[in-house]
Amino acid sequence: MRNEMPAIGAEARRRRGAVVLRALAKRYANFAAVDGIDLELAAGEFVTLLGPSGSGKTTTLMMVAGFTPPSEGDILLEGRSVAALAPERRNIGVVFQNYALFPHMSVEQNVGFPLRMRNQPSRTIAEKVAGALRLVRLEGLGGRMPKQLSGGQQQRVAFARALVFDPDLLLMDEPLGALDKNLREQMQFELKRLHAELGVTILYVTHDQEEALTMSDRIALMNGGRIVQLGTAEDLYERPNSRFVAEFIGESNVIEGRLEDGAGFVAVGGARFPAPCQKAGDPTLMVVRPEKFSLAPPGTPGIPGVVAGLVYVGDFTRYLVDVEGGLRLIVKVQNRRTADRARDGERVALRLDPADARLLNA
Amino acid sequence: MRAVLWAFCGLLLVFLIAPILVVMVTSLNDSQYMEFPPRTWSLRWYANFFGSAQWTGPALLSVRVALVVSVCATVLGTLAAVGIVRGRFRGRQALEMFLISPMIVPIVVMALGLFFLFSAVHLLDSPVALTLGHTVVATPLVIVLVRAGLRASDPALELAARSLGANAWRTLIYVTLPAIRPSLAAAAVFAFLVSFDEVVVAIFVGGPASTTLPKRMWETIRFEIDPTLTAVSSLLTLVAVFVLVVAAVVRRPGKRGAGLTV
């Protein structure tokens, strides 16, 4: 595999493309699309901007690409500021959601376009184009027009075109958004393979948290034009720093209450939960992921509750459990042994390891 | 109900086409008078047209003016449309309204204005005046057609081109314009036809030294009754139909698919 692609590989594998966004902002007359973000990408890192629509992730990407001038802040690529450079002088590859293939050019002409713009000799262009098409497994389709390709093939052409000129950084704006679910999963895998082979730095935008969790080295979760939490998938899932993060990433039980000496965390309705610590400050929220609970027979140690509903999902069962004070919790239990399963209306005790609960200041 | 609808549509079509058909049939007359239907048939009025410098001169002038107008209006109108659709500047909408306003202003008013203007700069009765005048009339049409093409083409194409290393000009030449080639072709064809058929401006700013074919026809019907007129009319119609058919065939993308949509 490695020596099959001399055209792109050799240089790119010398990891480069460190990126620094410094206090980057895009403000309009009456609102801030991006409200001052700081973010550093190590060379070769895969970082995803994740967030609901309107959170500023695409605007951030457009500023890095050079399509939208920032109102404040700076963008450094390999240590030099590119904020004032025209997009064509930044050497950044961009993959768009709708592919943006040139409809009047063949696949080869599309992929060769960035090389022609760099006035490379036609022999070099032909070699690099062939190498790039091999890389995305589209050998033999170079003569086709974009319209004659499937969505997945078009997306591969877009990847090849964005990679063929050996960019310092690859930007991707929801690149898999237009594909159906199966194809999307297959392309996620392909993309990870390309990233591993080429070592190019990738800044990826998506609103699909599963995509972000499975693909990225780190995720910057955005909301309201700011980065609300930056970390690995595990950081964001296991250690959310706010209610927004807990509720945006995966499912969460967000319980309001307060810490009491000797009693753990007492929910507003009176239910008591074991707490991981008795720390200073006044945490008023506790976050527990549904799979952190386990079910035990009533009367055994744990939080007493009643099963108010359940959905069998195959490998696990999703329970709704009512506890003291009218609080309804979501509990996910692996279906390992039939004996562990509870029935609707049954009394149960919820077990929770205090280390699996997370306290937050609202 | 269906029958009534068909009958209505049929009547409408006859109403639209009948005048043209009558002229075409009459042009095949052998008589000195414009008889319909002709009692004897011949092509003598066509021969008369092609054999007389009175007619071929204006015809050639019309073609030459229309070709130059087609080029000028397409270039100007396309640049204007790119600015209107892709530009981001203050007063963009006002500029757009201004640029297509010649379509709303009555043509006689335009022609009168052009008459005074060209008379002031001593350009009246010249092919240059006709070309400039017709360009003014044709450019708004080009703007409207190209604007529609640009609005239908994905702006991400241009962003992609920029990110791939093309500056603004190369993006325009290699990506933006080729992507809307069908609209450009349609615009050029319509600009040609607008100039080729135009009579009001031709009457106001043209003269003995610059008589276009439609102007010659207008003078003929006013001062004499010459059946050559019917032959010319038929030829004009055929030219227009021919140009549109060619345009439709050329524009057909790939093998099959969208036909003539403007």
# chains A, B, ... in the order shown; residues from 1 in each chain; ligands from 1
>>> residues_around(residues="stretch 145-158 of chain B", least_positions_apart="3", cutoff="10 Å", atoms="only C-alpha atoms", output="PyMOL selection string")
(chain A and resi 95-103) or (chain B and resi 74+77-86+139-142+161-164+166-168+171-172+174-177+179-188+190+262)
>>> interface_residues(of="chain A", to="chain B", cutoff="6 Å", atoms="only C-alpha atoms", output="PyMOL selection string")
chain A and resi 87-88+100+114+117
>>> write_last_selection(atoms="all heavy atoms", output="tab-separated table (two decimals), in the first residue's frame")
chain	number	residue	atom	x	y	z
A	87	PRO	N	-7.65	32.92	-0.15
A	87	PRO	CA	-7.78	31.47	0.01
A	87	PRO	C	-6.84	30.67	-0.88
A	87	PRO	O	-6.32	29.64	-0.46
A	87	PRO	CB	-9.25	31.19	-0.36
A	87	PRO	CG	-9.86	32.48	-0.73
A	87	PRO	CD	-8.93	33.59	-0.41
A	88	GLU	N	-6.61	31.16	-2.11
A	88	GLU	CA	-5.78	30.39	-3.04
A	88	GLU	C	-4.31	30.38	-2.63
A	88	GLU	O	-3.52	29.64	-3.19
A	88	GLU	CB	-5.94	30.91	-4.48
A	88	GLU	CG	-5.42	32.33	-4.71
A	88	GLU	CD	-6.50	33.38	-4.53
A	88	GLU	OE1	-7.49	33.10	-3.82
A	88	GLU	OE2	-6.34	34.49	-5.08
A	100	ALA	N	-19.02	19.84	-4.51
A	100	ALA	CA	-18.51	20.97	-5.31
A	100	ALA	C	-17.54	20.53	-6.39
A	100	ALA	O	-16.55	21.19	-6.65
A	100	ALA	CB	-17.87	22.03	-4.40
A	114	PRO	N	-6.09	21.63	-9.11
A	114	PRO	CA	-5.15	22.37	-8.23
A	114	PRO	C	-3.72	22.32	-8.73
A	114	PRO	O	-2.96	23.27	-8.51
A	114	PRO	CB	-5.29	21.67	-6.87
A	114	PRO	CG	-5.96	20.38	-7.16
A	114	PRO	CD	-6.79	20.58	-8.38
A	117	MET	N	-3.45	24.82	-11.59
A	117	MET	CA	-3.38	26.17	-11.06
A	117	MET	C	-1.99	26.48	-10.50
A	117	MET	O	-1.63	27.64	-10.34
A	117	MET	CB	-4.43	26.37	-9.96
A	117	MET	CG	-5.85	26.35	-10.47
A	117	MET	SD	-6.19	27.63	-11.69
A	117	MET	CE	-6.47	26.67	-13.17
>>> residues_around(residues="stretch 308-320 of chain A", least_positions_apart="5", cutoff="7 Å", atoms="only C-alpha atoms", output="ChimeraX atom specification")
/A:328-335,344-345
>>> write_last_selection(atoms="all heavy atoms", output="compact mmCIF listing (two decimals), in the first residue's frame")
# COMPACT_ATOMS: atom_id res chain seq x y z
N ARG A 328 -37.69 10.76 37.30
CA ARG A 328 -37.67 9.61 36.38
C ARG A 328 -36.29 9.49 35.76
O ARG A 328 -35.80 10.43 35.14
CB ARG A 328 -38.74 9.78 35.31
CG ARG A 328 -38.77 8.67 34.29
CD ARG A 328 -40.05 8.66 33.51
NE ARG A 328 -41.18 8.15 34.30
CZ ARG A 328 -42.41 7.94 33.79
NH1 ARG A 328 -42.67 8.22 32.54
NH2 ARG A 328 -43.36 7.47 34.57
N LEU A 329 -35.67 8.34 35.92
CA LEU A 329 -34.31 8.14 35.43
C LEU A 329 -34.30 7.18 34.25
O LEU A 329 -35.14 6.28 34.15
CB LEU A 329 -33.43 7.56 36.54
CG LEU A 329 -33.29 8.41 37.79
CD1 LEU A 329 -32.56 7.63 38.88
CD2 LEU A 329 -32.56 9.71 37.49
N ILE A 330 -33.34 7.40 33.34
CA ILE A 330 -33.13 6.46 32.24
C ILE A 330 -32.01 5.52 32.66
O ILE A 330 -30.96 5.96 33.13
CB ILE A 330 -32.71 7.19 30.95
CG1 ILE A 330 -33.71 8.29 30.60
CG2 ILE A 330 -32.56 6.22 29.80
CD1 ILE A 330 -33.18 9.27 29.58
N VAL A 331 -32.25 4.22 32.51
CA VAL A 331 -31.26 3.22 32.91
C VAL A 331 -31.08 2.24 31.76
O VAL A 331 -32.06 1.76 31.19
CB VAL A 331 -31.74 2.46 34.17
CG1 VAL A 331 -30.76 1.34 34.52
CG2 VAL A 331 -31.93 3.42 35.33
N LYS A 332 -29.82 2.04 31.36
CA LYS A 332 -29.55 1.09 30.28
C LYS A 332 -28.81 -0.09 30.87
O LYS A 332 -27.78 0.07 31.52
CB LYS A 332 -28.61 1.74 29.26
CG LYS A 332 -29.28 2.27 28.02
CD LYS A 332 -28.23 3.10 27.30
CE LYS A 332 -28.43 3.18 25.83
NZ LYS A 332 -27.35 4.00 25.24
N VAL A 333 -29.33 -1.30 30.64
CA VAL A 333 -28.68 -2.47 31.21
C VAL A 333 -28.40 -3.47 30.10
O VAL A 333 -29.27 -3.78 29.28
CB VAL A 333 -29.58 -3.13 32.28
CG1 VAL A 333 -28.90 -4.36 32.87
CG2 VAL A 333 -29.92 -2.13 33.38
N GLN A 334 -27.15 -3.95 30.04
CA GLN A 334 -26.77 -4.98 29.07
C GLN A 334 -27.57 -6.25 29.37
O GLN A 334 -27.73 -6.63 30.53
CB GLN A 334 -25.28 -5.30 29.22
CG GLN A 334 -24.36 -4.19 28.75
CD GLN A 334 -24.36 -4.05 27.24
OE1 GLN A 334 -24.33 -5.04 26.53
NE2 GLN A 334 -24.44 -2.82 26.76
N ASN A 335 -28.05 -6.90 28.34
CA ASN A 335 -28.82 -8.13 28.52
C ASN A 335 -27.89 -9.33 28.59
O ASN A 335 -27.91 -10.20 27.74
CB ASN A 335 -29.81 -8.31 27.36
CG ASN A 335 -30.87 -7.24 27.39
OD1 ASN A 335 -31.28 -6.79 28.46
ND2 ASN A 335 -31.30 -6.81 26.22
N ASP A 344 -41.83 -4.65 33.93
CA ASP A 344 -42.56 -3.40 34.08
C ASP A 344 -43.32 -3.39 35.42
O ASP A 344 -43.95 -4.39 35.77
CB ASP A 344 -43.55 -3.25 32.91
CG ASP A 344 -43.88 -1.80 32.67
OD1 ASP A 344 -43.32 -0.93 33.37
OD2 ASP A 344 -44.70 -1.53 31.77
N GLY A 345 -43.24 -2.29 36.16
CA GLY A 345 -43.95 -2.16 37.42
C GLY A 345 -43.23 -2.77 38.61
O GLY A 345 -43.67 -2.60 39.75
>>> residues_around(residues="B:Val232", least_positions_apart="4", cutoff="10 Å", atoms="only C-alpha atoms", output="list in words")
Val23, Met24, Ser27, Trp45, Tyr46, Phe49, Phe50, Trp55, Ala59, Leu213, Pro214, Met217, Pro227, Thr228, Leu236, Thr237 and Leu238 of chain B
>>> write_last_selection(atoms="all heavy atoms", output="compact mmCIF listing (two decimals), in the first residue's frame")
# COMPACT_ATOMS: atom_id res chain seq x y z
N VAL B 23 -48.61 34.62 -44.20
CA VAL B 23 -47.51 35.35 -44.85
C VAL B 23 -46.64 34.39 -45.67
O VAL B 23 -46.28 34.67 -46.81
CB VAL B 23 -46.65 36.09 -43.80
CG1 VAL B 23 -45.37 36.62 -44.44
CG2 VAL B 23 -47.45 37.23 -43.20
N MET B 24 -46.34 33.24 -45.08
CA MET B 24 -45.47 32.29 -45.77
C MET B 24 -46.09 31.79 -47.06
O MET B 24 -45.43 31.71 -48.09
CB MET B 24 -45.15 31.11 -44.84
CG MET B 24 -44.12 31.47 -43.78
SD MET B 24 -43.62 30.02 -42.87
CE MET B 24 -42.11 30.61 -42.16
N SER B 27 -46.15 34.41 -49.75
CA SER B 27 -44.85 34.70 -50.33
C SER B 27 -44.56 33.82 -51.55
O SER B 27 -43.68 34.13 -52.33
CB SER B 27 -43.74 34.52 -49.28
OG SER B 27 -43.54 33.14 -49.03
N TRP B 45 -40.47 36.12 -55.75
CA TRP B 45 -40.21 37.19 -54.77
C TRP B 45 -38.97 36.88 -53.93
O TRP B 45 -38.28 37.78 -53.49
CB TRP B 45 -41.43 37.41 -53.87
CG TRP B 45 -42.63 37.75 -54.72
CD1 TRP B 45 -43.75 37.03 -54.88
CD2 TRP B 45 -42.75 38.88 -55.57
NE1 TRP B 45 -44.60 37.62 -55.78
CE2 TRP B 45 -44.00 38.78 -56.22
CE3 TRP B 45 -41.92 39.98 -55.90
CZ2 TRP B 45 -44.46 39.72 -57.14
CZ3 TRP B 45 -42.39 40.92 -56.80
CH2 TRP B 45 -43.63 40.79 -57.42
N TYR B 46 -38.68 35.58 -53.80
CA TYR B 46 -37.42 35.20 -53.14
C TYR B 46 -36.25 35.57 -54.04
O TYR B 46 -35.24 36.11 -53.60
CB TYR B 46 -37.40 33.70 -52.82
CG TYR B 46 -38.34 33.34 -51.66
CD1 TYR B 46 -39.68 33.08 -51.90
CD2 TYR B 46 -37.85 33.31 -50.37
CE1 TYR B 46 -40.53 32.78 -50.84
CE2 TYR B 46 -38.70 33.01 -49.31
CZ TYR B 46 -40.04 32.75 -49.56
OH TYR B 46 -40.87 32.46 -48.53
N PHE B 49 -35.61 39.16 -53.85
CA PHE B 49 -34.90 39.55 -52.64
C PHE B 49 -33.40 39.35 -52.79
O PHE B 49 -32.61 40.27 -52.60
CB PHE B 49 -35.42 38.73 -51.45
CG PHE B 49 -34.58 38.86 -50.21
CD1 PHE B 49 -34.70 39.99 -49.39
CD2 PHE B 49 -33.66 37.89 -49.87
CE1 PHE B 49 -33.93 40.12 -48.27
CE2 PHE B 49 -32.88 38.02 -48.73
CZ PHE B 49 -33.01 39.14 -47.93
N PHE B 50 -33.05 38.11 -53.22
CA PHE B 50 -31.61 37.82 -53.29
C PHE B 50 -30.93 38.55 -54.44
O PHE B 50 -29.72 38.75 -54.43
CB PHE B 50 -31.38 36.31 -53.41
CG PHE B 50 -31.63 35.59 -52.11
CD1 PHE B 50 -32.75 34.79 -51.95
CD2 PHE B 50 -30.73 35.75 -51.06
CE1 PHE B 50 -32.98 34.16 -50.75
CE2 PHE B 50 -30.96 35.11 -49.87
CZ PHE B 50 -32.09 34.31 -49.70
N TRP B 55 -32.26 44.97 -51.06
CA TRP B 55 -32.61 44.07 -49.96
C TRP B 55 -31.38 43.40 -49.33
O TRP B 55 -31.28 43.28 -48.12
CB TRP B 55 -33.58 42.98 -50.44
CG TRP B 55 -34.97 43.51 -50.63
CD1 TRP B 55 -35.57 43.78 -51.83
CD2 TRP B 55 -35.89 43.84 -49.61
NE1 TRP B 55 -36.84 44.27 -51.63
CE2 TRP B 55 -37.06 44.32 -50.26
CE3 TRP B 55 -35.87 43.80 -48.23
CZ2 TRP B 55 -38.19 44.74 -49.57
CZ3 TRP B 55 -37.00 44.21 -47.53
CH2 TRP B 55 -38.13 44.68 -48.20
N ALA B 59 -29.86 43.42 -45.40
CA ALA B 59 -29.79 42.11 -44.74
C ALA B 59 -28.39 41.87 -44.18
O ALA B 59 -28.23 41.45 -43.03
CB ALA B 59 -30.17 41.00 -45.73
N LEU B 213 -32.47 45.45 -42.16
CA LEU B 213 -33.54 44.73 -42.87
C LEU B 213 -34.93 45.09 -42.33
O LEU B 213 -35.83 45.42 -43.12
CB LEU B 213 -33.27 43.23 -42.79
CG LEU B 213 -34.11 42.35 -43.71
CD1 LEU B 213 -34.03 42.81 -45.16
CD2 LEU B 213 -33.67 40.89 -43.59
N PRO B 214 -35.13 45.06 -41.02
CA PRO B 214 -36.47 45.44 -40.53
C PRO B 214 -36.84 46.87 -40.92
O PRO B 214 -38.00 47.15 -41.23
CB PRO B 214 -36.34 45.30 -39.02
CG PRO B 214 -35.23 44.32 -38.82
CD PRO B 214 -34.28 44.59 -39.94
N MET B 217 -37.96 46.91 -44.48
CA MET B 217 -39.30 46.34 -44.59
C MET B 217 -40.34 47.39 -44.22
O MET B 217 -41.37 47.55 -44.86
CB MET B 217 -39.45 45.13 -43.65
CG MET B 217 -38.62 43.94 -44.10
SD MET B 217 -38.59 42.67 -42.83
CE MET B 217 -40.25 42.06 -42.92
N PRO B 227 -44.54 42.60 -52.92
CA PRO B 227 -44.68 41.24 -52.36
C PRO B 227 -43.35 40.64 -51.89
O PRO B 227 -43.36 39.63 -51.18
CB PRO B 227 -45.25 40.43 -53.51
CG PRO B 227 -45.86 41.43 -54.41
CD PRO B 227 -45.03 42.66 -54.31
N THR B 228 -42.23 41.26 -52.25
CA THR B 228 -40.94 40.77 -51.72
C THR B 228 -40.98 40.73 -50.20
O THR B 228 -40.34 39.90 -49.56
CB THR B 228 -39.80 41.69 -52.18
OG1 THR B 228 -39.92 41.90 -53.57
CG2 THR B 228 -38.45 41.09 -51.86
N LEU B 236 -37.06 35.72 -42.47
CA LEU B 236 -36.74 36.15 -41.10
C LEU B 236 -37.25 35.13 -40.08
O LEU B 236 -36.55 34.76 -39.14
CB LEU B 236 -37.38 37.51 -40.80
CG LEU B 236 -36.60 38.74 -41.28
CD1 LEU B 236 -37.37 40.01 -40.92
CD2 LEU B 236 -35.23 38.76 -40.66
N THR B 237 -38.48 34.69 -40.30
CA THR B 237 -39.07 33.71 -39.39
C THR B 237 -38.24 32.43 -39.39
O THR B 237 -37.94 31.87 -38.34
CB THR B 237 -40.52 33.40 -39.82
OG1 THR B 237 -41.21 34.62 -39.96
CG2 THR B 237 -41.20 32.51 -38.80
N LEU B 238 -37.87 32.00 -40.62
CA LEU B 238 -37.10 30.76 -40.72
C LEU B 238 -35.74 30.91 -40.03
O LEU B 238 -35.29 29.99 -39.35
CB LEU B 238 -36.92 30.37 -42.19
CG LEU B 238 -38.20 29.90 -42.87
CD1 LEU B 238 -37.96 29.59 -44.35
CD2 LEU B 238 -38.77 28.66 -42.17
>>> residues_around(residues="B:Phe115", least_positions_apart="3", cutoff="8 Å", atoms="only C-alpha atoms", output="list in words")
Ala111, Leu112, Phe118, Ser119, Leu124, Phe204 and Val205 of chain B
>>> select_by_dssp(residues="stretch 9-81 of chain A", states="strand (DSSP E)", output="number ranges by chain")
A: 19-27, 32-41, 46-50, 72-77, 80-81
>>> select_by_dssp(residues="stretch 115-184 of chain B", states="helix (DSSP H, G or I)", output="number ranges by chain")
B: 115-120, 127-152, 155-163, 168-179, 181-184
>>> residues_around(residues="stretch 249-260 of chain A", least_positions_apart="4", cutoff="6 Å", atoms="only C-alpha atoms", output="ChimeraX atom specification")
/A:245,264-268,284-289
>>> write_last_selection(atoms="N, CA and C atoms", output="mmCIF file, in the first residue's frame")
data_model
loop_
_atom_site.group_PDB
_atom_site.id
_atom_site.type_symbol
_atom_site.label_atom_id
_atom_site.label_comp_id
_atom_site.auth_asym_id
_atom_site.auth_seq_id
_atom_site.Cartn_x
_atom_site.Cartn_y
_atom_site.Cartn_z
ATOM 1 N N VAL A 245 -23.091 20.047 27.498
ATOM 2 C CA VAL A 245 -22.263 18.964 26.966
ATOM 3 C C VAL A 245 -22.890 17.609 27.325
ATOM 4 N N GLY A 264 -24.584 12.300 50.823
ATOM 5 C CA GLY A 264 -24.340 12.264 49.379
ATOM 6 C C GLY A 264 -25.087 13.390 48.686
ATOM 7 N N PHE A 265 -25.474 13.117 47.439
ATOM 8 C CA PHE A 265 -26.166 14.125 46.659
ATOM 9 C C PHE A 265 -27.662 13.904 46.804
ATOM 10 N N VAL A 266 -28.366 14.917 47.296
ATOM 11 C CA VAL A 266 -29.808 14.788 47.506
ATOM 12 C C VAL A 266 -30.528 15.537 46.403
ATOM 13 N N ALA A 267 -31.330 14.801 45.626
ATOM 14 C CA ALA A 267 -32.065 15.412 44.528
ATOM 15 C C ALA A 267 -33.180 16.282 45.075
ATOM 16 N N VAL A 268 -33.708 17.153 44.220
ATOM 17 C CA VAL A 268 -34.754 18.078 44.652
ATOM 18 C C VAL A 268 -35.926 17.354 45.292
ATOM 19 N N THR A 284 -24.742 21.860 41.980
ATOM 20 C CA THR A 284 -26.196 21.742 42.064
ATOM 21 C C THR A 284 -26.735 20.780 41.022
ATOM 22 N N LEU A 285 -25.840 20.179 40.240
ATOM 23 C CA LEU A 285 -26.285 19.221 39.241
ATOM 24 C C LEU A 285 -25.441 17.964 39.346
ATOM 25 N N MET A 286 -26.086 16.816 39.151
ATOM 26 C CA MET A 286 -25.327 15.591 39.044
ATOM 27 C C MET A 286 -25.695 14.941 37.710
ATOM 28 N N VAL A 287 -24.678 14.508 36.981
ATOM 29 C CA VAL A 287 -24.896 13.873 35.692
ATOM 30 C C VAL A 287 -24.523 12.400 35.791
ATOM 31 N N VAL A 288 -25.460 11.542 35.398
ATOM 32 C CA VAL A 288 -25.172 10.111 35.393
ATOM 33 C C VAL A 288 -25.600 9.547 34.042
ATOM 34 N N ARG A 289 -24.665 8.916 33.334
ATOM 35 C CA ARG A 289 -24.997 8.262 32.061
ATOM 36 C C ARG A 289 -25.884 7.053 32.359
#
>>> residues_around(residues="A:Ala342", least_positions_apart="3", cutoff="9 Å", atoms="only C-alpha atoms", output="list in words")
Leu295, Ala296, Pro297, Val307, Leu310, Tyr319, Ala339, Gly345, Glu346, Arg347 and Val348 of chain A
>>> write_last_selection(atoms="N, CA, C and O atoms", output="PDB file, in the first residue's frame")
ATOM      1  N   LEU A 295     -29.219  -2.643  37.990  1.00  0.00           N
ATOM      2  CA  LEU A 295     -30.441  -2.969  38.716  1.00  0.00           C
ATOM      3  C   LEU A 295     -30.175  -4.083  39.713  1.00  0.00           C
ATOM      4  O   LEU A 295     -29.466  -5.047  39.412  1.00  0.00           O
ATOM      5  N   ALA A 296     -30.734  -3.939  40.911  1.00  0.00           N
ATOM      6  CA  ALA A 296     -30.595  -4.986  41.928  1.00  0.00           C
ATOM      7  C   ALA A 296     -31.981  -5.233  42.525  1.00  0.00           C
ATOM      8  O   ALA A 296     -32.879  -4.414  42.372  1.00  0.00           O
ATOM      9  N   PRO A 297     -32.144  -6.378  43.171  1.00  0.00           N
ATOM     10  CA  PRO A 297     -33.457  -6.691  43.751  1.00  0.00           C
ATOM     11  C   PRO A 297     -33.844  -5.657  44.807  1.00  0.00           C
ATOM     12  O   PRO A 297     -32.968  -5.080  45.459  1.00  0.00           O
ATOM     13  N   VAL A 307     -39.912   0.310  38.183  1.00  0.00           N
ATOM     14  CA  VAL A 307     -39.789   0.349  36.716  1.00  0.00           C
ATOM     15  C   VAL A 307     -41.077   0.910  36.123  1.00  0.00           C
ATOM     16  O   VAL A 307     -42.162   0.383  36.336  1.00  0.00           O
ATOM     17  N   LEU A 310     -40.170  -0.031  29.863  1.00  0.00           N
ATOM     18  CA  LEU A 310     -38.912  -0.570  29.372  1.00  0.00           C
ATOM     19  C   LEU A 310     -39.007  -0.848  27.889  1.00  0.00           C
ATOM     20  O   LEU A 310     -40.084  -1.103  27.357  1.00  0.00           O
ATOM     21  N   TYR A 319     -34.585   1.089  30.485  1.00  0.00           N
ATOM     22  CA  TYR A 319     -35.641   1.182  31.494  1.00  0.00           C
ATOM     23  C   TYR A 319     -35.900   2.628  31.843  1.00  0.00           C
ATOM     24  O   TYR A 319     -34.977   3.451  31.840  1.00  0.00           O
ATOM     25  N   ALA A 339     -31.767 -13.532  33.961  1.00  0.00           N
ATOM     26  CA  ALA A 339     -32.158 -13.399  35.359  1.00  0.00           C
ATOM     27  C   ALA A 339     -32.055 -11.959  35.853  1.00  0.00           C
ATOM     28  O   ALA A 339     -32.738 -11.568  36.790  1.00  0.00           O
ATOM     29  N   GLY A 345     -43.236  -2.287  36.161  1.00  0.00           N
ATOM     30  CA  GLY A 345     -43.955  -2.159  37.421  1.00  0.00           C
ATOM     31  C   GLY A 345     -43.235  -2.766  38.615  1.00  0.00           C
ATOM     32  O   GLY A 345     -43.674  -2.601  39.753  1.00  0.00           O
ATOM     33  N   GLU A 346     -42.139  -3.449  38.355  1.00  0.00           N
ATOM     34  CA  GLU A 346     -41.425  -4.130  39.434  1.00  0.00           C
ATOM     35  C   GLU A 346     -40.633  -3.134  40.283  1.00  0.00           C
ATOM     36  O   GLU A 346     -40.165  -2.113  39.779  1.00  0.00           O
ATOM     37  N   ARG A 347     -40.507  -3.459  41.581  1.00  0.00           N
ATOM     38  CA  ARG A 347     -39.647  -2.632  42.448  1.00  0.00           C
ATOM     39  C   ARG A 347     -38.213  -3.056  42.239  1.00  0.00           C
ATOM     40  O   ARG A 347     -37.938  -4.253  42.124  1.00  0.00           O
ATOM     41  N   VAL A 348     -37.316  -2.088  42.216  1.00  0.00           N
ATOM     42  CA  VAL A 348     -35.893  -2.402  42.040  1.00  0.00           C
ATOM     43  C   VAL A 348     -35.061  -1.501  42.941  1.00  0.00           C
ATOM     44  O   VAL A 348     -35.580  -0.548  43.539  1.00  0.00           O
TER      45      VAL A 348
END
>>> closest_residue(among="B:Ser234, B:Gln93, B:Asn29, B:Ser210", to="B:Val128", atoms="only C-alpha atoms")
B:Ser210
